[in-house]
Amino acid sequence: MKNSKKISALLITYNEINHIEAVINNISFADEIIVIDSISTDGTLEKLAEFKHVTTIKRKFKNFADQRNFALQQATHDWVLFIDADECLTGKLKTEITATVNNPTDIAAFMVKRLYYFKKKRIRFSGFQTDTTYRLFKRNKVKYIEDKIVHEMPKIDGKSGILKHNMLHYCFDSAAHYKAKMEHYASLKALELFKKGKKANTFHFIFRPFYKFVVNYVFRLGFLDGIAGFQICYLSAYGVYYRYKELQKLNRSSKI
């Protein structure tokens with residue numbers, strides 16, 4: 001398209017050998033692709049080297065907000081598409097993204113609804129049915145909040161919108177994969193809480209995980225997702241428990 005607006009596609013990765021080739025091919029419509037890799041050890045970097053049109057930067061991981069802000073600084077185009085390695089844009093969403101950036105708008109950032117898959121099975125409930133996340137925005141209108149180091153949130157300078165078409169999210173290959181992710185996120189969240197002076201108590205170890213499970217499995221209809229729904233809801237609750245165990249460890253070590 002003549003005089004069309006250009007898009008910078010950004011990824012942050014670590015050990016994504018199972019997804020990296022598919023996601024690079026999926027976003028090949030972007031005018032530049034930049035990957036910030038946290039020094040992967042599973043072959044991700046070697047696979048990325050095969051893509052000559054991809055700029056790969058190795059950078060030690062501190063936290064998600066820090067890594068995303070660094071990625072933003074590398075982009076050269078006005079519009080940024082941020083995507084995770086386990087996400088996939090549908091053809092209709094790609095068309096909508098291209099049309100959106102080429103239409104004059106006062107909206108600074110757009111959210112996308114994600115459809116979740118667990119072991120290739122579509123998860124329709126279990127707390128995931130209303131998930132939306134920022135994925136498309138004007139580069140100079142966003143910065144990720146630095147003290148929110150997990151489940152990072154961008155600070156948007158301007159209006160927000162939501163795209164009509166959905167994104168696919170192949171977030172967990174197995175129960176073990178989901179558990180590992182929950183532990184990683186929980187450890188970062190514990191550090192975030194520790195920096196705010198928070199402490200763990202019996203309420204956090206018993207009630208909070210139980211509440212998380214009941215809300216997702218019963219009230220958010222996780223039981224309708226079958227065995228996968230039970231696994232997801234259980235491991236989400238486990239993640240809450242693990243978060244406060246890590247917070248307890250941090251508080252104890254600070255007193256030594």
# chains A, B, ... in the order shown; residues from 1 in each chain; ligands from 1

$ residues_around --residues "Thr202 of chain A" --least-positions-apart "4" --cutoff "12 Å" --atoms "only C-alpha atoms" --output "MDAnalysis selection string"
chainID A and resid 206:209 241 244:245 248

$ select_by_dssp --residues "segment 98-137 of chain A" --states "strand (DSSP E)" --output "list in words"
Ile107, Ala108, Ala109, Phe110, Met111, Val112, Lys113, Arg114, Leu115, Tyr116, Tyr117, Phe118, Lys121, Arg122, Ile123, Thr132, Thr133, Tyr134, Arg135, Leu136 and Phe137 of chain A

$ residues_around --residues "Lys47 of chain A" --least-positions-apart "6" --cutoff "9 Å" --atoms "only C-alpha atoms" --output "PyMOL selection string"
chain A and resi 17+20-21

$ write_last_selection --atoms "all heavy atoms" --output "PDB file, in the first residue's frame"
ATOM      1  N   ILE A  17      11.700 -22.476  21.823  1.00  0.00           N
ATOM      2  CA  ILE A  17      11.985 -23.235  20.621  1.00  0.00           C
ATOM      3  C   ILE A  17      10.726 -23.872  20.024  1.00  0.00           C
ATOM      4  O   ILE A  17      10.626 -24.062  18.799  1.00  0.00           O
ATOM      5  CB  ILE A  17      13.060 -24.327  20.888  1.00  0.00           C
ATOM      6  CG1 ILE A  17      13.558 -24.935  19.557  1.00  0.00           C
ATOM      7  CG2 ILE A  17      12.537 -25.379  21.843  1.00  0.00           C
ATOM      8  CD1 ILE A  17      14.206 -23.959  18.628  1.00  0.00           C
ATOM      9  N   ILE A  20       8.894 -20.413  18.363  1.00  0.00           N
ATOM     10  CA  ILE A  20       9.540 -19.248  17.754  1.00  0.00           C
ATOM     11  C   ILE A  20       9.399 -19.196  16.236  1.00  0.00           C
ATOM     12  O   ILE A  20       9.144 -18.125  15.662  1.00  0.00           O
ATOM     13  CB  ILE A  20      11.034 -19.160  18.181  1.00  0.00           C
ATOM     14  CG1 ILE A  20      11.568 -17.755  17.866  1.00  0.00           C
ATOM     15  CG2 ILE A  20      11.857 -20.254  17.560  1.00  0.00           C
ATOM     16  CD1 ILE A  20      10.904 -16.640  18.618  1.00  0.00           C
ATOM     17  N   GLU A  21       9.541 -20.325  15.561  1.00  0.00           N
ATOM     18  CA  GLU A  21       9.433 -20.309  14.099  1.00  0.00           C
ATOM     19  C   GLU A  21       8.034 -19.915  13.657  1.00  0.00           C
ATOM     20  O   GLU A  21       7.855 -19.094  12.734  1.00  0.00           O
ATOM     21  CB  GLU A  21       9.806 -21.670  13.524  1.00  0.00           C
ATOM     22  CG  GLU A  21       9.810 -21.696  12.005  1.00  0.00           C
ATOM     23  CD  GLU A  21      10.370 -22.988  11.430  1.00  0.00           C
ATOM     24  OE1 GLU A  21      10.647 -23.927  12.218  1.00  0.00           O
ATOM     25  OE2 GLU A  21      10.528 -23.059  10.199  1.00  0.00           O
TER      26      GLU A  21
END

$ closest_atom_pairs --of "segment 25-103 of chain A" --to "segment 139-147 of chain A" --cutoff "7 Å" --atoms "only C-alpha atoms" --output "CSV"
residue,atom,partner,partner_atom,distance
A:Ala65,CA,A:Tyr144,CA,5.5
A:Asp66,CA,A:Glu146,CA,6.5
A:Asn69,CA,A:Tyr144,CA,6.1
A:Leu72,CA,A:Arg139,CA,6.9
A:Asp78,CA,A:Arg139,CA,5.4
A:Trp79,CA,A:Arg139,CA,5.6
A:Val80,CA,A:Arg139,CA,5.7

$ write_last_selection --atoms "N, CA and C atoms" --output "CSV table (one decimal), in the first residue's frame"
chain,number,residue,atom,x,y,z
A,65,ALA,N,8.5,-5.9,32.9
A,65,ALA,CA,8.3,-4.5,32.6
A,65,ALA,C,9.6,-3.9,32.0
A,66,ASP,N,10.7,-4.2,32.7
A,66,ASP,CA,12.0,-3.7,32.2
A,66,ASP,C,12.4,-4.2,30.8
A,69,ASN,N,10.1,-2.5,28.2
A,69,ASN,CA,10.5,-1.1,27.9
A,69,ASN,C,11.7,-1.0,27.1
A,72,LEU,N,10.8,-1.6,23.5
A,72,LEU,CA,10.1,-0.4,22.9
A,72,LEU,C,11.2,0.6,22.4
A,78,ASP,N,6.4,4.1,14.1
A,78,ASP,CA,5.4,4.8,15.0
A,78,ASP,C,4.5,3.8,15.6
A,79,TRP,N,4.1,2.8,14.9
A,79,TRP,CA,3.2,1.8,15.5
A,79,TRP,C,3.9,0.5,15.9
A,80,VAL,N,3.6,0.0,17.1
A,80,VAL,CA,4.2,-1.2,17.6
A,80,VAL,C,3.2,-2.3,17.9

$ select_by_dssp --residues "segment 6-228 of chain A" --states "helix (DSSP H, G or I)" --output "NGL selection string"
:A and (20-26 or 44-48 or 64-74 or 91-101 or 139-141 or 175-195 or 202-219 or 222-228)

$ residues_around --residues "Asp173 of chain A" --least-positions-apart "4" --cutoff "8 Å" --atoms "only C-alpha atoms" --output "list in words"
Phe118, Lys119, Lys120, His177 and Tyr178 of chain A

$ closest_residue --among "A:Pro154, A:Gly161, A:Gly127, A:Gly43" --to "Met111 of chain A" --atoms "only C-alpha atoms"
A:Gly161

$ closest_atom_pairs --of "segment 64-106 of chain A" --to "segment 24-40 of chain A" --cutoff "7 Å" --atoms "only C-alpha atoms" --output "Markdown table"
| residue | atom | partner | partner_atom | distance |
| --- | --- | --- | --- | --- |
| A:Ala71 | CA | A:Ile36 | CA | 6.4 |
| A:Cys88 | CA | A:Asn26 | CA | 6.7 |
| A:Leu89 | CA | A:Asn26 | CA | 6.7 |

$ write_last_selection --atoms "N, CA and C atoms" --output "short mmCIF file (atom, residue, chain, number, x, y, z; two decimals), in the first residue's frame"
data_model
loop_
_atom_site.label_atom_id
_atom_site.label_comp_id
_atom_site.auth_asym_id
_atom_site.auth_seq_id
_atom_site.Cartn_x
_atom_site.Cartn_y
_atom_site.Cartn_z
N ALA A 71 12.62 -3.20 24.86
CA ALA A 71 12.20 -3.55 23.50
C ALA A 71 11.59 -2.34 22.80
N CYS A 88 -0.81 -16.13 18.47
CA CYS A 88 -0.96 -16.23 17.03
C CYS A 88 -2.05 -15.28 16.54
N LEU A 89 -1.71 -14.48 15.53
CA LEU A 89 -2.68 -13.57 14.93
C LEU A 89 -3.45 -14.30 13.84
#

$ atom_distance --atom1 "atom CA of Ala108 of chain A" --atom2 "atom CA of Gln73 of chain A"
17.0 Å

$ residues_around --residues "Glu96 of chain A" --least-positions-apart "6" --cutoff "9 Å" --atoms "only C-alpha atoms" --output "MDAnalysis selection string"
chainID A and resid 163:165

$ write_last_selection --atoms "N, CA, C and O atoms" --output "CSV table (one decimal), in the first residue's frame"
chain,number,residue,atom,x,y,z
A,163,LEU,N,-9.7,-4.0,19.6
A,163,LEU,CA,-9.9,-4.6,18.2
A,163,LEU,C,-11.0,-5.6,18.2
A,163,LEU,O,-11.3,-6.3,19.2
A,164,LYS,N,-11.6,-5.7,17.0
A,164,LYS,CA,-12.8,-6.6,16.9
A,164,LYS,C,-12.4,-8.1,16.9
A,164,LYS,O,-13.1,-8.9,17.5
A,165,HIS,N,-11.3,-8.4,16.2
A,165,HIS,CA,-11.0,-9.8,16.0
A,165,HIS,C,-10.0,-10.3,17.1
A,165,HIS,O,-9.3,-9.6,17.7

$ closest_residue --among "A:Lys121, A:Asp106, A:Ala85, A:Leu191" --to "Asp157 of chain A" --atoms "only C-alpha atoms"
A:Asp106

$ decode --residues "segment 50-62 of chain A" --atoms "all heavy atoms" --output "compact mmCIF listing (two decimals), in the first residue's frame"
# COMPACT_ATOMS: atom_id res chain seq x y z
N GLU A 50 18.44 -17.98 11.86
CA GLU A 50 18.09 -18.40 10.50
C GLU A 50 17.22 -17.36 9.79
O GLU A 50 17.11 -17.37 8.57
CB GLU A 50 17.34 -19.74 10.55
CG GLU A 50 18.18 -20.89 11.11
CD GLU A 50 17.38 -22.18 11.21
OE1 GLU A 50 16.26 -22.23 10.67
OE2 GLU A 50 17.89 -23.13 11.85
N PHE A 51 16.62 -16.46 10.57
CA PHE A 51 15.75 -15.43 10.00
C PHE A 51 16.56 -14.14 9.82
O PHE A 51 16.77 -13.39 10.76
CB PHE A 51 14.55 -15.17 10.91
CG PHE A 51 13.62 -16.35 11.04
CD1 PHE A 51 13.75 -17.23 12.11
CD2 PHE A 51 12.62 -16.59 10.11
CE1 PHE A 51 12.89 -18.32 12.24
CE2 PHE A 51 11.77 -17.67 10.22
CZ PHE A 51 11.90 -18.54 11.29
N LYS A 52 16.98 -13.90 8.59
CA LYS A 52 17.86 -12.76 8.33
C LYS A 52 17.15 -11.42 8.46
O LYS A 52 17.81 -10.38 8.64
CB LYS A 52 18.46 -12.89 6.91
CG LYS A 52 19.22 -14.20 6.69
CD LYS A 52 20.29 -14.43 7.76
CE LYS A 52 21.02 -15.75 7.54
NZ LYS A 52 21.98 -16.04 8.63
N HIS A 53 15.82 -11.41 8.38
CA HIS A 53 15.07 -10.16 8.49
C HIS A 53 14.70 -9.84 9.94
O HIS A 53 14.02 -8.84 10.20
CB HIS A 53 13.79 -10.23 7.65
CG HIS A 53 12.82 -11.29 8.09
ND1 HIS A 53 13.13 -12.64 8.08
CD2 HIS A 53 11.55 -11.20 8.56
CE1 HIS A 53 12.08 -13.33 8.50
NE2 HIS A 53 11.12 -12.48 8.82
N VAL A 54 15.14 -10.67 10.87
CA VAL A 54 14.82 -10.47 12.29
C VAL A 54 16.04 -9.94 13.02
O VAL A 54 17.14 -10.47 12.89
CB VAL A 54 14.35 -11.79 12.94
CG1 VAL A 54 14.15 -11.62 14.44
CG2 VAL A 54 13.06 -12.28 12.28
N THR A 55 15.84 -8.89 13.79
CA THR A 55 16.91 -8.36 14.65
C THR A 55 16.78 -9.00 16.03
O THR A 55 15.76 -8.84 16.69
CB THR A 55 16.80 -6.82 14.79
OG1 THR A 55 16.94 -6.23 13.49
CG2 THR A 55 17.89 -6.29 15.71
N THR A 56 17.80 -9.74 16.44
CA THR A 56 17.79 -10.41 17.73
C THR A 56 18.82 -9.77 18.65
O THR A 56 19.98 -9.62 18.28
CB THR A 56 18.09 -11.91 17.59
OG1 THR A 56 17.13 -12.51 16.71
CG2 THR A 56 18.04 -12.61 18.94
N ILE A 57 18.37 -9.41 19.85
CA ILE A 57 19.25 -8.80 20.84
C ILE A 57 19.23 -9.66 22.10
O ILE A 57 18.16 -9.94 22.66
CB ILE A 57 18.80 -7.37 21.20
CG1 ILE A 57 18.79 -6.49 19.94
CG2 ILE A 57 19.71 -6.76 22.28
CD1 ILE A 57 18.18 -5.12 20.16
N LYS A 58 20.40 -10.11 22.52
CA LYS A 58 20.49 -10.90 23.76
C LYS A 58 20.61 -9.94 24.94
O LYS A 58 21.46 -9.05 24.95
CB LYS A 58 21.69 -11.85 23.71
CG LYS A 58 21.54 -12.98 22.71
CD LYS A 58 22.67 -13.98 22.82
CE LYS A 58 23.96 -13.42 22.28
NZ LYS A 58 25.05 -14.44 22.28
N ARG A 59 19.76 -10.13 25.93
CA ARG A 59 19.76 -9.24 27.10
C ARG A 59 19.31 -10.01 28.33
O ARG A 59 18.28 -10.69 28.32
CB ARG A 59 18.83 -8.05 26.86
CG ARG A 59 18.83 -7.01 27.98
CD ARG A 59 17.95 -5.82 27.57
NE ARG A 59 18.06 -4.72 28.51
CZ ARG A 59 17.19 -4.45 29.49
NH1 ARG A 59 16.13 -5.26 29.66
NH2 ARG A 59 17.35 -3.43 30.29
N LYS A 60 20.04 -9.90 29.40
CA LYS A 60 19.70 -10.58 30.64
C LYS A 60 18.35 -10.10 31.15
O LYS A 60 18.05 -8.92 31.14
CB LYS A 60 20.78 -10.32 31.70
CG LYS A 60 20.58 -11.11 32.99
CD LYS A 60 21.73 -10.87 33.96
CE LYS A 60 21.52 -11.66 35.26
NZ LYS A 60 22.63 -11.45 36.22
N PHE A 61 17.53 -11.06 31.62
CA PHE A 61 16.19 -10.75 32.10
C PHE A 61 16.23 -10.22 33.54
O PHE A 61 16.83 -10.82 34.42
CB PHE A 61 15.32 -12.02 32.06
CG PHE A 61 13.89 -11.82 32.48
CD1 PHE A 61 12.95 -11.40 31.56
CD2 PHE A 61 13.50 -12.05 33.78
CE1 PHE A 61 11.62 -11.22 31.93
CE2 PHE A 61 12.18 -11.88 34.17
CZ PHE A 61 11.23 -11.46 33.25
N LYS A 62 15.60 -9.07 33.74
CA LYS A 62 15.44 -8.51 35.08
C LYS A 62 14.00 -8.70 35.53
O LYS A 62 13.73 -9.27 36.57
CB LYS A 62 15.81 -7.03 35.07
CG LYS A 62 15.65 -6.34 36.41
CD LYS A 62 16.02 -4.86 36.31
CE LYS A 62 15.79 -4.15 37.62
NZ LYS A 62 16.08 -2.68 37.52
